Structures are given as structure tokens and as C-alpha cells.
>>> print(open('target08.cif').read())   # mmCIF, C-alpha atoms
data_start
#
loop_
_atom_site.label_atom_id
_atom_site.label_comp_id
_atom_site.auth_asym_id
_atom_site.auth_seq_id
_atom_site.Cartn_x
_atom_site.Cartn_y
_atom_site.Cartn_z
CA MET E 1 105.98 122.55 124.87
CA ASP E 2 105.63 119.90 122.24
CA LYS E 3 105.53 120.34 118.55
CA SER E 4 102.55 121.68 116.72
CA GLN E 5 99.93 119.38 115.32
CA PHE E 6 98.63 120.69 112.02
CA LEU E 7 95.23 119.78 110.63
CA LYS E 8 94.02 119.64 107.07
CA SER E 9 90.33 119.12 106.40
CA ASP E 10 89.41 117.94 102.90
CA ASP E 11 85.70 118.67 103.31
CA TYR E 12 83.24 119.92 105.87
CA THR E 13 82.19 116.68 107.56
CA SER E 14 83.42 115.03 110.74
CA GLU E 15 81.72 112.07 112.39
CA ILE E 16 82.24 110.49 115.80
CA PRO E 17 82.22 106.68 115.65
CA LYS E 18 78.84 105.31 116.66
CA SER E 19 80.48 103.04 119.21
CA VAL E 20 81.46 106.02 121.39
CA SER E 21 78.74 108.56 120.55
CA LYS E 22 76.57 107.97 123.62
CA ARG E 23 77.56 107.08 127.16
CA ASN E 24 76.02 107.38 130.59
CA SER E 25 76.71 110.79 132.06
CA PRO E 26 78.55 111.09 135.38
CA ASN E 27 76.75 111.93 138.56
CA PRO E 28 76.19 115.74 138.43
CA ILE E 29 76.17 116.06 142.22
CA ARG E 30 79.63 115.82 143.73
CA SER E 31 81.12 116.94 147.00
CA ALA E 32 84.34 118.98 146.92
CA VAL E 33 87.28 116.66 147.42
CA LYS E 34 90.76 118.11 147.83
CA VAL E 35 93.46 116.50 145.66
CA GLY E 36 96.71 118.26 146.44
CA ASN E 37 96.11 121.76 145.08
CA SER E 38 93.17 120.52 143.04
CA VAL E 39 89.54 120.29 144.16
CA LEU E 40 86.64 118.43 142.58
CA LEU E 41 83.82 120.93 142.19
CA ASP E 42 80.08 120.38 142.70
CA LYS E 43 79.38 121.44 139.10
CA PRO E 44 81.50 121.20 135.92
CA TRP E 45 83.24 124.41 134.88
CA ARG E 46 82.67 123.64 131.19
CA LYS E 47 79.84 121.87 129.42
CA PHE E 48 81.01 118.57 128.02
CA PRO E 49 79.72 115.53 126.09
CA GLU E 50 78.10 112.66 127.93
CA PHE E 51 80.66 110.48 129.68
CA ASN E 52 80.58 106.78 130.54
CA THR E 53 104.16 121.21 121.53
CA GLU E 54 107.87 121.19 124.33
CA ILE E 55 109.24 117.76 123.67
CA GLY E 56 107.48 114.95 125.40
CA ALA E 57 104.12 116.72 125.67
CA GLY E 58 102.36 114.01 123.70
CA LYS E 59 101.87 115.33 120.18
CA SER E 60 102.62 112.05 118.41
CA SER E 61 100.73 110.25 121.16
CA PHE E 62 97.69 112.35 120.27
CA PHE E 63 97.78 111.13 116.67
CA ASN E 64 98.14 107.55 117.87
CA SER E 65 95.19 108.08 120.23
CA VAL E 66 92.98 109.46 117.45
CA ASN E 67 94.07 106.69 115.11
CA SER E 68 93.36 104.10 117.80
CA ILE E 69 89.76 105.30 118.20
CA PHE E 70 88.99 105.04 114.49
CA ARG E 71 90.84 101.74 114.13
CA GLY E 72 89.02 100.31 117.13
CA LYS E 73 92.23 99.23 118.86
CA ILE E 74 95.41 100.68 120.38
CA THR E 75 97.82 101.63 117.59
CA SER E 76 101.31 103.13 117.40
CA LYS E 77 101.74 104.52 113.92
CA ALA E 78 103.62 107.66 115.00
CA ARG E 79 106.81 107.32 117.01
CA CYS E 80 106.34 108.58 120.54
CA GLY E 81 107.87 108.42 124.00
CA SER E 82 110.18 110.38 126.28
CA PHE E 83 113.66 111.43 125.22
CA GLU E 84 116.10 114.30 125.58
CA HIS E 85 115.28 115.65 122.13
CA SER E 86 112.20 115.51 119.95
CA LEU E 87 111.51 112.00 118.66
CA THR E 88 109.88 113.41 115.55
CA THR E 89 112.51 114.38 112.98
CA VAL E 90 110.40 113.93 109.84
CA PHE E 91 107.44 116.01 108.67
CA ARG E 92 104.51 113.63 108.21
CA LYS E 93 101.04 113.94 106.74
CA TYR E 94 98.99 111.21 108.40
CA THR E 95 95.71 109.84 107.10
CA MET E 96 93.37 107.76 109.25
CA LYS E 97 90.98 104.97 108.35
CA ASP E 98 87.61 104.26 109.96
CA HIS E 99 87.58 100.55 110.77
CA ASN E 100 83.77 100.50 110.57
CA THR E 101 83.67 101.54 106.90
CA GLY E 102 87.21 100.80 105.72
CA GLN E 103 87.35 104.32 104.26
CA ASN E 104 89.97 106.99 104.90
CA LEU E 105 88.70 109.95 106.91
CA LYS E 106 88.61 113.24 105.04
CA ILE E 107 91.09 114.87 107.39
CA ARG E 108 94.85 114.71 107.72
CA LEU E 109 97.00 115.34 110.77
CA CYS E 110 100.41 116.79 109.95
CA ASP E 111 103.20 116.18 112.43
CA THR E 112 106.32 118.29 112.88
CA ARG E 113 109.16 118.31 115.38
CA GLY E 114 108.81 119.81 118.84
CA PHE E 115 110.00 123.05 120.38
CA GLU E 116 113.41 122.81 122.04
CA GLU E 117 115.68 125.37 123.66
CA GLU E 118 118.79 123.96 122.02
CA TYR E 119 117.38 123.41 118.53
CA LYS E 120 115.18 126.33 117.56
CA ILE E 121 112.45 125.87 114.96
CA GLU E 122 112.96 128.51 112.30
CA ALA E 123 109.88 130.69 111.81
CA GLN E 124 110.43 130.67 108.04
CA GLU E 125 110.49 126.87 108.09
CA ILE E 126 107.12 126.82 109.83
CA GLY E 127 105.90 129.37 107.29
CA TYR E 128 106.72 126.95 104.48
CA ILE E 129 104.81 124.19 106.30
CA LEU E 130 101.77 126.45 106.74
CA ASP E 131 101.86 127.43 103.06
CA GLY E 132 102.07 123.82 101.87
CA ASN E 133 105.63 124.00 100.50
CA VAL E 134 107.05 121.13 102.59
CA PRO E 135 106.60 117.60 101.19
CA ASP E 136 105.53 114.61 103.22
CA ARG E 137 108.45 112.76 104.87
CA HIS E 138 110.81 115.74 104.72
CA GLN E 139 113.73 115.09 107.09
CA PHE E 140 114.33 118.02 109.45
CA ASN E 141 117.93 119.12 109.91
CA PRO E 142 118.60 121.83 112.54
CA SER E 143 121.90 122.69 110.86
CA SER E 144 120.27 123.05 107.43
CA PRO E 145 116.82 124.71 107.54
CA PHE E 146 114.25 124.12 104.80
CA THR E 147 114.50 126.69 101.96
CA THR E 148 113.18 127.23 98.44
CA GLU E 149 116.25 125.35 97.20
CA THR E 150 115.63 122.28 99.36
CA PHE E 151 114.90 119.11 97.39
CA GLY E 152 111.15 118.49 97.17
CA PHE E 153 110.11 122.13 97.75
CA ILE E 154 106.51 122.45 96.51
CA ARG E 155 106.51 125.65 94.46
CA ASN E 156 102.82 125.84 93.58
CA PRO E 157 100.89 124.35 96.52
CA GLN E 158 97.14 123.82 96.26
CA LEU E 159 94.70 124.71 99.03
CA SER E 160 94.68 121.01 99.96
CA ASP E 161 98.46 121.19 100.57
CA LYS E 162 98.17 124.05 103.06
CA ILE E 163 97.51 123.95 106.79
CA HIS E 164 93.94 124.80 107.79
CA CYS E 165 94.29 124.81 111.57
CA VAL E 166 97.20 124.55 114.03
CA ALA E 167 97.00 122.58 117.27
CA PHE E 168 99.69 123.21 119.88
CA VAL E 169 100.14 120.14 122.08
CA VAL E 170 101.22 121.18 125.56
CA ASP E 171 102.15 119.19 128.67
CA GLY E 172 99.64 120.64 131.12
CA SER E 173 101.71 119.57 134.12
CA THR E 174 104.72 121.73 133.17
CA ILE E 175 103.25 125.06 132.03
CA ASP E 176 104.53 126.81 135.18
CA VAL E 177 108.14 125.99 134.25
CA MET E 178 108.01 126.60 130.51
CA PRO E 179 111.42 128.04 129.44
CA GLU E 180 111.51 131.64 128.25
CA GLU E 181 113.15 130.58 124.97
CA ILE E 182 110.26 128.23 124.22
CA LEU E 183 107.75 131.00 124.92
CA LYS E 184 109.67 133.30 122.59
CA GLN E 185 109.61 130.71 119.80
CA LEU E 186 105.93 130.10 120.39
CA LYS E 187 104.99 133.76 120.05
CA GLU E 188 107.13 134.15 116.94
CA LEU E 189 105.39 131.23 115.27
CA GLN E 190 101.97 132.46 116.36
CA GLY E 191 102.77 135.68 114.53
CA ARG E 192 103.23 133.73 111.30
CA MET E 193 99.91 131.97 111.81
CA ASN E 194 98.07 135.19 112.64
CA GLN E 195 99.41 136.80 109.47
CA ARG E 196 97.72 134.01 107.52
CA ASN E 197 94.52 134.06 109.64
CA ILE E 198 95.06 130.39 110.47
CA PRO E 199 93.01 129.34 113.51
CA GLN E 200 94.83 127.85 116.50
CA VAL E 201 93.86 125.55 119.35
CA VAL E 202 95.74 123.98 122.25
CA TYR E 203 95.54 120.36 123.35
CA MET E 204 96.46 120.15 127.04
CA THR E 205 97.81 116.65 127.61
CA LYS E 206 98.85 114.80 130.77
CA MET E 207 96.06 116.37 132.77
CA ASP E 208 95.99 113.17 134.81
CA LYS E 209 99.27 114.43 136.32
CA VAL E 210 97.64 117.76 137.21
CA CYS E 211 94.85 116.06 139.13
CA PRO E 212 95.12 112.46 140.40
CA LYS E 213 91.32 112.20 140.35
CA VAL E 214 91.44 112.65 136.58
CA ASP E 215 93.99 109.85 136.41
CA LYS E 216 91.54 107.66 138.27
CA ASP E 217 88.55 108.66 136.13
CA THR E 218 88.64 111.01 133.13
CA ALA E 219 84.97 111.81 133.83
CA ASN E 220 86.38 114.09 136.56
CA MET E 221 88.15 116.29 133.97
CA PHE E 222 85.67 119.15 133.97
CA TYR E 223 85.04 118.94 137.70
CA SER E 224 88.72 119.50 138.57
CA SER E 225 89.74 122.96 139.75
CA GLY E 226 93.37 122.07 138.96
CA VAL E 227 92.53 121.38 135.31
CA ARG E 228 90.49 124.59 135.16
CA ASP E 229 93.40 126.64 136.59
CA ALA E 230 95.86 125.07 134.13
CA ILE E 231 93.62 126.03 131.21
CA ASP E 232 93.30 129.58 132.54
CA LYS E 233 97.10 129.88 132.66
CA MET E 234 97.54 128.47 129.16
CA SER E 235 94.90 130.83 127.82
CA ASP E 236 96.85 133.78 129.21
CA ILE E 237 100.15 132.48 127.77
CA MET E 238 98.75 131.85 124.30
CA GLY E 239 96.41 134.81 124.14
CA LEU E 240 93.60 132.47 123.06
CA PRO E 241 90.06 132.19 124.45
CA ARG E 242 89.66 129.51 127.11
CA GLY E 243 87.27 127.65 124.85
CA TYR E 244 90.18 127.06 122.46
CA ILE E 245 92.17 125.23 125.16
CA MET E 246 91.07 121.59 125.31
CA PRO E 247 92.16 119.16 128.04
CA ILE E 248 92.68 115.59 126.89
CA LYS E 249 94.29 112.36 128.02
CA ASN E 250 96.31 110.36 125.50
CA TYR E 251 96.50 106.61 125.52
CA GLU E 252 99.79 105.77 127.20
CA SER E 253 99.65 102.80 129.58
CA GLU E 254 96.30 101.45 128.43
CA THR E 255 96.06 98.27 126.36
CA GLY E 256 92.46 98.85 125.28
CA LEU E 257 90.16 101.72 124.40
CA GLU E 258 88.23 103.61 127.10
CA PRO E 259 85.02 105.51 126.18
CA ASN E 260 85.69 108.51 128.46
CA THR E 261 89.15 109.04 126.97
CA ASP E 262 87.77 108.61 123.45
CA ILE E 263 85.12 111.29 123.95
CA LEU E 264 87.60 113.90 125.20
CA ILE E 265 89.90 113.30 122.20
CA LEU E 266 87.07 113.26 119.68
CA LYS E 267 85.55 116.45 121.10
CA ALA E 268 88.92 118.20 120.71
CA LEU E 269 89.28 116.87 117.16
CA GLN E 270 85.74 117.89 116.25
CA GLN E 271 86.27 121.46 117.41
CA THR E 272 89.54 121.60 115.49
CA THR E 273 87.90 120.40 112.28
CA ASP E 274 85.15 123.00 112.76
CA PHE E 275 87.82 125.72 112.87
CA ALA E 276 89.53 124.19 109.83
CA ASP E 277 86.22 124.27 107.96
CA ASP E 278 85.80 127.96 108.80
CA TYR E 279 89.28 128.68 107.45
CA MET E 280 88.61 126.75 104.23
CA GLU E 281 85.34 128.58 103.63
CA GLU E 282 87.16 131.90 104.03
CA GLN E 283 89.89 130.83 101.61
CA LEU E 284 87.40 129.57 99.02
CA ASP E 285 85.47 132.85 99.24
CA LYS E 286 88.74 134.74 98.80
CA MET E 287 89.68 132.65 95.74
CA ALA E 288 86.24 133.18 94.22
CA ALA E 289 86.47 136.95 94.74
CA GLU E 290 89.93 137.04 93.11
CA LYS E 291 88.63 135.07 90.14
CA ARG E 292 85.74 137.52 89.68
CA ARG E 293 88.18 140.46 89.73
CA GLU E 294 90.35 138.78 87.09
CA GLU E 295 87.34 138.14 84.86
CA LYS E 296 86.37 141.83 85.01
CA HIS E 297 89.80 142.76 83.69
#
>>> encode(input="target08.cif", output="C-alpha cells")
Amino acid sequence: MDKSQFLKSDDYTSEIPKSVSKRNSPNPIRSAVKVGNSVLLDKPWRKFPEFNTEIGAGKSSFFNSVNSIFRGKITSKARCGSFEHSLTTVFRKYTMKDHNTGQNLKIRLCDTRGFEEEYKIEAQEIGYILDGNVPDRHQFNPSSPFTTETFGFIRNPQLSDKIHCVAFVVDGSTIDVMPEEILKQLKELQGRMNQRNIPQVVYMTKMDKVCPKVDKDTANMFYSSGVRDAIDKMSDIMGLPRGYIMPIKNYESETGLEPNTDILILKALQQTTDFADDYMEEQLDKMAAEKRREEKH
């Protein structure tokens, strides 16, 4: 399980770059082809757009992939790769710029360290992140958790400082061997998020390792029985609807952008921003109601 990817949405708009908004759809008629334990189905198991966090799952790679799409080229702003421990040791609030307009997008992706058996993420520390108390570029220290006395603690966070949606980035090829300690941490943190009514989604990465046909062509993603089964398992683990589990493929070995990969990533991001918008509307309604009560008194 990789770290969580947190999303902040500064308004209620989200646009897909025109360069990847329309592609030729794949052939809807396919014969069943066995790929190991995976089969390509005749019909997709989920409707999809037109095609033409355990350490190492790909959380930072997801940010780089999103950033690459909007920059129009492969980028590597967030540190990523494979290592024994999480490569992310600093809490970051990333902004992204649309290369077509030169303007920053009105969303931010917040990056935190990944789940590890040896170095547990404190639930209270995640609580401070959710509530907007943790400053950008805070250095995580497993031996010294973040507290109200930590330098930089934001004592009066605004709604814009808080987390509006949480995305768990999971290596889809390893969900059958997820350690019990990681599952325990995951459920504990979900409890904190549920207390705050913060919506959650899951990005299932490395699906090309689940089904070789997906590795060959990401247009096969929603025709793969192996991908479908992996999403079913993750839905049961997380206790989230299957529609909240989104399979993607990060840019890893590619040196240029690919439309099919872009569409999967952008669809996941769009659904996440929709959930973030819902959360913000609820919070704004709550703030307005509290203000009315104060005025009556």
C-alpha cells in the first residue's frame, strides 16, 4: 500500500485538456483471450471514456503522470521509484500548470509518506494533515510525530488548507499479499476520514502487471477480467463502492505521452475532483448555517 494522495479543490471546475478529450474508441467486439488468470471479455465491465498507498505503489508517480499531461511532456517533479522505505519524507502541496494557458490549475495534490510495517503512520498525524494543520514541506520524522508544538503548526487553518478528498494509491498487483499491519493502519486512518465525512477513492496502479494485455494496450483495461477481479477485492478490503476504485497506469518507462494512459488518469482525477466539490459544498453549507445561528444569538 502506498501513501495517500490528498486532493484540494479551490473551486468547482475541472477541465480535460483539449488535446486528449476525444479519441477513437476501441473495437467493442472482442473474443475472449486468456492471459494467465486474466481473460479479455467480449464487453467492457465498466463504461469508460473513448480510447485511442504500501511503498512503491506509485503515488508520487501518479502526481508526475498528472503533471505530465497538463505540461504536455513527461515530467518528474515528485521523487519516485522503488526502494526499501518510502521515498517521500516531506509533506508537499503540489500545484500544476496547464501548458496551453500558462495558468495554474485550481486544484492541489498533497503528497505524504507511504504506509510501512516498520514505520507506522500515526493516526493523529494524519488527522492534522486532514484538518490543514501541517505546513507545506514539513519533514516527517518517525521518531518524532507531528504535534501541536511542532514548528510550523497551523493553528487556525482555513477551508482551503484542509483536505477535501483522499486518494489511496494501491499497487494492484500485490493486494493479495498486503500485510496485516498495513491493513490495520489503513482502517484506522479511514476511521479518521469517516469522522470528518471526507470522501475517499482508490487509484489502482500497475494494472499492466495484473494483465499483460493491459501492458500491451491500456484500451484493454475495462475488458480485462483480471483487472475487474482486482477491483472487486480492493472494494471489499476498503469497504468502498466499486465505482470508487479506479484502475490507472502511471507513466514509468515511457518517454512521451500516450492518449489512452492520459484518459485513464484524467478520468480518475475528474471523479476525485467531483467528490472534492461535493465535500466543499457540504462544508460551505455547514459554515453558512453556523453563521446564521450566531447571528440569531
>>> residues_near_point(input="target08.cif", point="(111.6, 133.2, 123.2)", cutoff="12 Å", atoms="only C-alpha atoms", output="count of residues only")
21
>>> resolve_selection(input="target08.cif", expression="the PyMOL selection byres ((chain E and resi 175) around 10)", output="list in words")
Met1, Glu54, Val170, Asp171, Gly172, Ser173, Thr174, Asp176, Val177, Met178, Pro179, Met204, Ala230, Ile231, Lys233, Met234 and Ile237 of chain E
>>> atom_distance(input="target08.cif", atom1="atom CA of Pro145 of chain E", atom2="atom CA of Cys110 of chain E")
18.4 Å
>>> closest_residue(input="target08.cif", among="E:Gln158, E:Asn220, E:Ser235, E:Asn197", to="Met287 of chain E", atoms="only C-alpha atoms")
E:Gln158
>>> closest_residue(input="target08.cif", among="E:Thr112, E:Ser65, E:Gln200, E:Thr218", to="Asp274 of chain E", atoms="all atoms listed in the file")
E:Gln200
>>> residues_around(input="target08.cif", residues="segment 147-151 of chain E", least_positions_apart="5", cutoff="9 Å", atoms="all atoms listed in the file", output="PyMOL selection string")
chain E and resi 124-125+128+133
>>> atom_distance(input="target08.cif", atom1="atom CA of Glu252 of chain E", atom2="atom CA of Ser68 of chain E")
11.5 Å
>>> atom_distance(input="target08.cif", atom1="atom CA of Asp277 of chain E", atom2="atom CA of Phe140 of chain E")
28.8 Å
>>> closest_residue(input="target08.cif", among="E:Ile248, E:Val166, E:Ala268, E:Leu240", to="Val210 of chain E", atoms="all atoms listed in the file")
E:Ile248
